[in-house]
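Novice: Sending over upload20.txt (compact mmCIF, C-alpha atoms).
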```
# COMPACT_ATOMS: atom_id res chain seq x y z
CA GLU U 14 98.00 19.91 186.04
CA GLU U 15 99.71 17.24 188.14
CA LYS U 16 97.50 14.72 189.90
CA MET U 17 97.91 14.53 193.68
CA GLU U 18 99.38 11.20 194.73
CA GLU U 19 96.97 8.92 196.55
CA VAL U 20 97.35 8.63 200.32
CA PHE U 21 96.46 5.35 202.03
CA ALA U 22 95.79 4.40 205.63
CA ILE U 23 98.58 2.10 206.84
CA TYR U 24 97.83 -0.96 208.97
CA ASN U 25 99.78 -3.26 211.27
CA GLU U 26 99.72 -7.08 211.05
CA LYS U 27 96.52 -7.14 213.16
CA GLU U 28 94.76 -4.85 210.63
CA LYS U 29 94.67 -1.83 212.97
CA ILE U 30 95.37 1.61 211.45
CA ILE U 31 98.77 2.95 212.53
CA GLY U 32 99.28 5.90 210.16
CA ALA U 33 99.17 7.06 206.54
CA ALA U 34 101.53 6.99 203.56
CA THR U 35 101.58 7.82 199.86
CA ARG U 36 101.14 5.09 197.29
CA THR U 37 104.84 5.27 196.34
CA GLU U 38 106.02 4.95 199.93
CA ALA U 39 103.59 2.10 200.71
CA HIS U 40 104.80 0.12 197.68
CA ARG U 41 108.49 0.84 198.37
CA LYS U 42 108.48 -0.06 202.08
CA GLY U 43 105.95 -2.89 201.99
CA LEU U 44 103.44 -1.14 204.26
CA TRP U 45 100.11 -2.91 204.76
CA HIS U 46 97.26 -0.98 203.10
CA MET U 47 93.71 -1.80 202.06
CA VAL U 48 92.35 -2.55 198.59
CA VAL U 49 89.02 -3.69 197.18
CA HIS U 50 88.35 -6.34 194.54
CA CYS U 51 84.97 -6.50 192.82
CA TRP U 52 83.87 -9.65 191.01
CA LEU U 53 81.03 -8.99 188.58
CA LEU U 54 78.52 -11.52 187.34
CA TYR U 55 75.30 -11.65 185.39
CA ARG U 56 73.01 -14.68 185.06
CA THR U 57 70.90 -15.44 182.06
CA GLY U 58 68.94 -18.68 182.26
CA ASN U 59 71.32 -21.29 183.68
CA GLU U 60 74.45 -19.52 182.41
CA VAL U 61 76.59 -17.48 184.79
CA TRP U 62 78.74 -14.88 183.01
CA LEU U 63 81.80 -13.47 184.78
CA TYR U 64 83.18 -10.11 183.61
CA PHE U 65 86.83 -9.06 183.59
CA GLN U 66 88.81 -6.02 182.53
CA GLN U 67 91.98 -5.82 180.51
CA ARG U 68 94.27 -3.32 182.21
CA ALA U 69 95.45 -0.45 180.02
CA ASP U 70 98.97 -0.78 178.60
CA SER U 71 99.78 2.56 180.29
CA LYS U 72 99.29 1.03 183.78
CA LYS U 73 102.48 1.08 185.87
CA ASP U 74 101.74 -2.28 187.49
CA PHE U 75 100.80 -5.33 185.38
CA PRO U 76 99.96 -3.47 182.13
CA SER U 77 97.68 -5.23 179.58
CA LEU U 78 96.93 -8.17 181.89
CA TYR U 79 93.37 -9.40 182.45
CA ASP U 80 91.99 -8.79 185.92
CA ILE U 81 88.88 -8.82 188.14
CA ALA U 82 86.15 -6.45 186.84
CA ALA U 83 87.22 -3.59 189.13
CA ALA U 84 89.82 -3.14 191.86
CA GLY U 85 91.62 -0.35 193.59
CA HIS U 86 93.05 1.14 196.75
CA VAL U 87 90.98 2.43 199.63
CA ASP U 88 91.86 6.10 200.16
CA VAL U 89 92.65 7.35 203.65
CA SER U 90 89.25 9.04 204.01
CA GLU U 91 87.00 6.18 202.77
CA PHE U 92 85.39 2.98 203.95
CA PRO U 93 85.96 -0.11 201.73
CA LYS U 94 82.35 -0.09 200.48
CA GLN U 95 82.71 3.55 199.36
CA ALA U 96 85.96 2.61 197.61
CA VAL U 97 84.44 -0.31 195.69
CA LEU U 98 81.50 1.82 194.52
CA ARG U 99 83.89 4.61 193.44
CA GLU U 100 86.44 2.36 191.71
CA THR U 101 83.76 0.47 189.76
CA LYS U 102 82.29 3.75 188.51
CA GLU U 103 85.71 5.27 187.67
CA GLU U 104 87.19 2.20 185.97
CA ILE U 105 84.25 0.70 184.08
CA GLY U 106 81.42 3.27 184.40
CA LEU U 107 79.12 0.94 186.31
CA GLU U 108 76.79 2.46 188.92
CA MET U 109 76.07 -0.39 191.32
CA ASP U 110 72.87 -0.95 193.25
CA GLU U 111 74.25 -1.47 196.78
CA ARG U 112 71.58 -4.08 197.51
CA ARG U 113 73.21 -6.42 194.96
CA LEU U 114 76.74 -5.86 196.33
CA TYR U 115 77.99 -8.59 198.65
CA HIS U 116 81.10 -8.53 200.86
CA LEU U 117 82.61 -12.01 200.61
CA GLY U 118 85.57 -11.73 202.95
CA THR U 119 89.05 -10.39 203.66
CA LEU U 120 92.47 -11.78 202.78
CA LYS U 121 96.07 -10.65 202.68
CA GLU U 122 98.19 -10.61 199.52
CA GLU U 123 101.88 -9.91 199.21
CA ILE U 124 103.86 -9.33 196.01
CA ARG U 125 107.58 -8.65 196.14
CA LEU U 126 109.46 -7.67 193.00
CA ASP U 127 112.58 -5.59 192.46
CA GLY U 128 111.92 -2.21 194.13
CA PHE U 129 108.24 -3.04 194.60
CA TRP U 130 106.85 -4.54 197.80
CA ASP U 131 103.07 -4.59 197.80
CA ARG U 132 101.32 -5.81 200.96
CA GLU U 133 97.57 -5.59 200.72
CA ILE U 134 94.59 -6.29 202.96
CA VAL U 135 92.02 -7.22 200.32
CA GLN U 136 88.28 -6.71 200.84
CA VAL U 137 86.60 -9.04 198.34
CA TYR U 138 83.20 -8.05 196.93
CA LEU U 139 80.82 -9.60 194.44
CA TYR U 140 78.21 -7.72 192.45
CA GLU U 141 75.36 -9.53 190.72
CA SER U 142 73.95 -7.34 187.98
CA GLN U 143 70.22 -7.66 187.32
CA GLU U 144 70.71 -6.87 183.63
CA GLU U 145 73.52 -7.33 181.15
CA PRO U 146 76.09 -4.72 182.25
CA LYS U 147 76.93 -1.77 179.97
CA PHE U 148 80.37 -0.28 180.41
CA THR U 149 81.93 3.16 179.96
CA LEU U 150 85.65 2.60 180.31
CA GLY U 151 87.99 4.92 182.19
CA GLU U 152 91.60 5.49 181.14
CA GLU U 153 92.94 2.60 183.26
CA VAL U 154 91.00 -0.08 181.34
CA SER U 155 91.48 -1.02 177.70
CA ARG U 156 88.47 -3.37 177.31
CA MET U 157 86.00 -5.65 179.06
CA ILE U 158 85.49 -9.35 178.40
CA ARG U 159 83.01 -11.94 179.63
CA ILE U 160 83.49 -15.64 180.25
CA PRO U 161 81.00 -18.41 181.10
CA GLN U 162 81.57 -19.75 184.62
CA LYS U 163 82.41 -23.29 183.47
CA GLU U 164 85.01 -21.96 181.01
CA PHE U 165 86.65 -19.77 183.67
CA GLU U 166 86.85 -22.77 186.01
CA LYS U 167 89.00 -24.63 183.47
CA LYS U 168 91.80 -22.19 184.31
CA GLU U 169 90.91 -21.45 187.92
CA LEU U 170 90.21 -24.97 189.19
CA HIS U 171 91.90 -27.24 186.62
CA GLY U 172 94.95 -25.19 185.59
CA GLU U 173 94.28 -25.19 181.83
CA GLU U 174 96.77 -23.23 179.73
CA SER U 175 94.22 -20.95 178.04
CA LEU U 176 90.54 -20.16 177.96
CA THR U 177 87.97 -18.77 175.56
CA ALA U 178 86.44 -15.38 176.33
CA PHE U 179 84.07 -13.03 174.55
CA LEU U 180 84.46 -9.35 173.84
CA MET U 181 81.42 -7.13 174.38
CA ASN U 182 80.75 -7.29 170.61
CA LYS U 183 80.46 -11.12 171.03
CA ARG U 184 83.77 -11.79 169.21
CA LYS U 185 85.59 -14.81 170.61
CA ILE U 186 89.21 -14.57 171.82
CA VAL U 187 91.59 -17.06 173.42
CA ILE U 188 93.58 -15.86 176.44
CA PRO U 189 96.64 -17.78 177.68
CA LYS U 190 96.85 -18.08 181.46
CA GLU U 191 100.04 -15.99 181.70
CA GLU U 192 98.03 -12.95 180.57
CA TRP U 193 96.00 -12.99 183.83
CA CYS U 194 96.73 -11.20 187.10
CA LYS U 195 97.10 -13.77 189.85
CA HIS U 196 94.73 -13.53 192.82
CA SER U 197 95.50 -16.28 195.32
CA GLY U 198 92.49 -18.53 194.85
CA GLU U 199 89.82 -15.85 195.44
CA TYR U 200 87.42 -17.50 193.04
CA LYS U 201 87.66 -20.93 194.68
CA LYS U 202 87.61 -19.58 198.23
CA TRP U 203 84.92 -16.90 197.97
CA VAL U 204 83.09 -16.65 194.64
CA LEU U 205 82.33 -20.31 193.98
CA PRO U 206 80.84 -20.98 197.46
CA TRP U 207 78.70 -17.84 197.05
CA LEU U 208 77.39 -19.07 193.69
CA LYS U 209 76.55 -22.47 195.18
CA LYS U 210 74.71 -20.80 198.04
CA HIS U 211 72.76 -18.45 195.73
CA PRO U 212 71.37 -20.56 192.88
CA PRO U 213 69.41 -18.78 190.11
CA LEU U 214 65.80 -18.23 191.16
CA GLU U 215 64.39 -20.16 188.18
CA ASN U 216 66.16 -23.37 189.30
CA LEU U 217 64.42 -23.42 192.68
CA PRO U 218 61.05 -24.89 193.62
CA GLN U 219 58.41 -22.16 193.29
CA ASN U 220 57.76 -21.62 197.01
CA VAL U 221 61.50 -21.36 197.81
CA ALA U 222 62.01 -18.90 194.95
CA VAL U 223 59.23 -16.69 196.29
CA GLN U 224 60.77 -16.76 199.79
CA MET U 225 64.23 -15.86 198.42
CA ASP U 226 62.81 -13.03 196.36
CA PHE U 227 61.03 -11.76 199.46
CA ARG U 228 64.25 -12.05 201.49
CA ASP U 229 66.07 -9.90 198.92
CA LYS U 230 63.46 -7.18 199.33
CA LEU U 231 64.04 -7.19 203.09
CA THR U 232 67.82 -6.81 202.93
```
Give the structure from the file, written as structure tokens.
Specialist:
Amino acid sequence: EEKMEEVFAIYNEKEKIIGAATRTEAHRKGLWHMVVHCWLLYRTGNEVWLYFQQRADSKKDFPSLYDIAAAGHVDVSEFPKQAVLRETKEEIGLEMDERRLYHLGTLKEEIRLDGFWDREIVQVYLYESQEEPKFTLGEEVSRMIRIPQKEFEKKELHGEESLTAFLMNKRKIVIPKEEWCKHSGEYKKWVLPWLKKHPPLENLPQNVAVQMDFRDKLT
């Protein structure tokens, strides 16, 4: 049976809703629509691990490239937070605890290729998993990888040509930078400042750690 095409809310330049359109129409006419990006991390000791997906080779846009852990369009009937929870479950099988989900900010991205004009209002989220994440992959994702923060920064902050990542079975792979989806400096602008502001609890003086833990229980 044929899948109904997604319908998105369409926005003007000031991010006010002005109508609705199908995915095809939005990408053909360059209509502003909303998407969510979800960065996923897990800390163990002093190491911060960042998780990424490899897009399935059957994907229409950017097949087989490595990308943020989960991302997708906000449907016409949803709020961005509902969309990020849904997309993360659909794509990588992760049920997120909303208390560990942080909204980092909003930005606009535009990609124009032949016959494809994608203008997106991006809601950027970060999820800090309390345990090592376990994934159940949907059809849009071919595999998950994880990368230590310092290794990822070699590409993201210093422009290195390739970086070393780990598959979930711990096997090491090297990924050249052209195999990554480009996301206009999201890591530097949003994720890195968040990490600096939220150090691991074990690195803090005991009384501060207790206060932070208490603060988490309140939010």
Novice: In Å, how far is it from CA of Leu98 in chain U to CA of Leu139 in chain U?
Specialist: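 Computing it gives 11.4 Å between the two atoms.
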Novice: What is the CA of Lys190 in chain U-CA of Leu176 in chain U distance in Å, reported with one decimal?
Specialist: 7.5 Å
Novice: Let me have the centre and edge lengths of the axis-aligned box enclosing all listed atoms of range 153-163 of chain U with 6 Å padding on every side, in Å to one decimal, as lines of an AutoDock Vina configuration file.
Specialist:
```
center_x = 87.0
center_y = -10.3
center_z = 181.0
size_x = 23.9
size_y = 37.9
size_z = 19.3
```
Novice: Closest to Ala22 in chain U among U:Gly58, U:Pro76, U:Pro93, U:Gly198, using all atoms listed in the file?
Specialist: U:Pro93
Novice: With all atoms listed in the file as the atoms that count, which of U:Gln162, U:Ser155, U:Ser71, U:Asn182 lies nearest to Tyr200 in chain U?
Specialist: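 Of U:Gln162, U:Ser155, U:Ser71, U:Asn182, the one nearest Tyr200 in chain U, counting all atoms listed in the file, is U:Gln162.
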Novice: Grab the CA of Gln67 in chain U to CA of Ala83 in chain U distance for me, in Å with one decimal place.
Specialist: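 CA of Ala83 in chain U lies at a distance of 10.1 Å from CA of Gln67 in chain U.
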Novice: Would you list the contacts of Asp74 in chain U as a list in words, taking every protein, DNA or RNA residue within 12 Å and counting only C-alpha atoms, but skipping same-chain residues closer than 5 positions in sequence?
Specialist: His40, Arg68, Ala69, Asp80, Gly85, Ile124, Leu126, Phe129, Trp130, Asp131, Glu153 and Cys194 of chain U
Novice: Considering only C-alpha atoms, state which residue in the set U:Arg41, U:Arg56, U:Lys201, U:Lys72 is at the smallest distance from Pro161 in chain U.
Specialist: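 Using only C-alpha atoms, Pro161 in chain U sits closest to U:Arg56.
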Novice: I'd like a table as JSON lines: residues in range 59-123 of chain U with an atom no more than 10 Å from range 202-205 of chain U, each row giving the shortest atom pair and its distance in Å to one decimal, all atoms listed in the file counted, sorted by chain and rising residue number.
Specialist:
```
{"residue": "U:His116", "atom": "CA", "partner": "U:Trp203", "partner_atom": "CA", "distance": 9.6}
{"residue": "U:Leu117", "atom": "CA", "partner": "U:Trp203", "partner_atom": "CA", "distance": 6.0}
{"residue": "U:Gly118", "atom": "CA", "partner": "U:Trp203", "partner_atom": "CA", "distance": 7.2}
{"residue": "U:Thr119", "atom": "CA", "partner": "U:Trp203", "partner_atom": "CA", "distance": 9.6}
```
Novice: Output C-alpha atoms of each residue in that selection to a file, as a PDB file, in the frame of the given file.
Specialist:
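Saved file selection_22.pdb follows:
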```
ATOM      1  CA  HIS U 116      81.100  -8.530 200.860  1.00  0.00           C
ATOM      2  CA  LEU U 117      82.610 -12.010 200.610  1.00  0.00           C
ATOM      3  CA  GLY U 118      85.570 -11.730 202.950  1.00  0.00           C
ATOM      4  CA  THR U 119      89.050 -10.390 203.660  1.00  0.00           C
TER       5      THR U 119
END
```
Novice: So, counting only C-alpha atoms, which residue among U:Ala34, U:Leu107, U:Leu54, U:Ala96 is closest to Leu150 in chain U?
Specialist: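 Of all the options, U:Leu107 lies closest to Leu150 in chain U.
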Novice: Go through U:Leu63, U:Val49, U:Ile81, U:Trp193 one by one, measure the shortest atom-to-atom distance of each to Glu145 in chain U using all atoms listed in the file, and give the residue with the smallest value.
Specialist: U:Leu63
Novice: Between U:Glu60, U:Glu133, U:Glu169, U:Asp110, which has the minimum distance to Asn25 in chain U (counting all atoms listed in the file)?
Specialist: U:Glu133
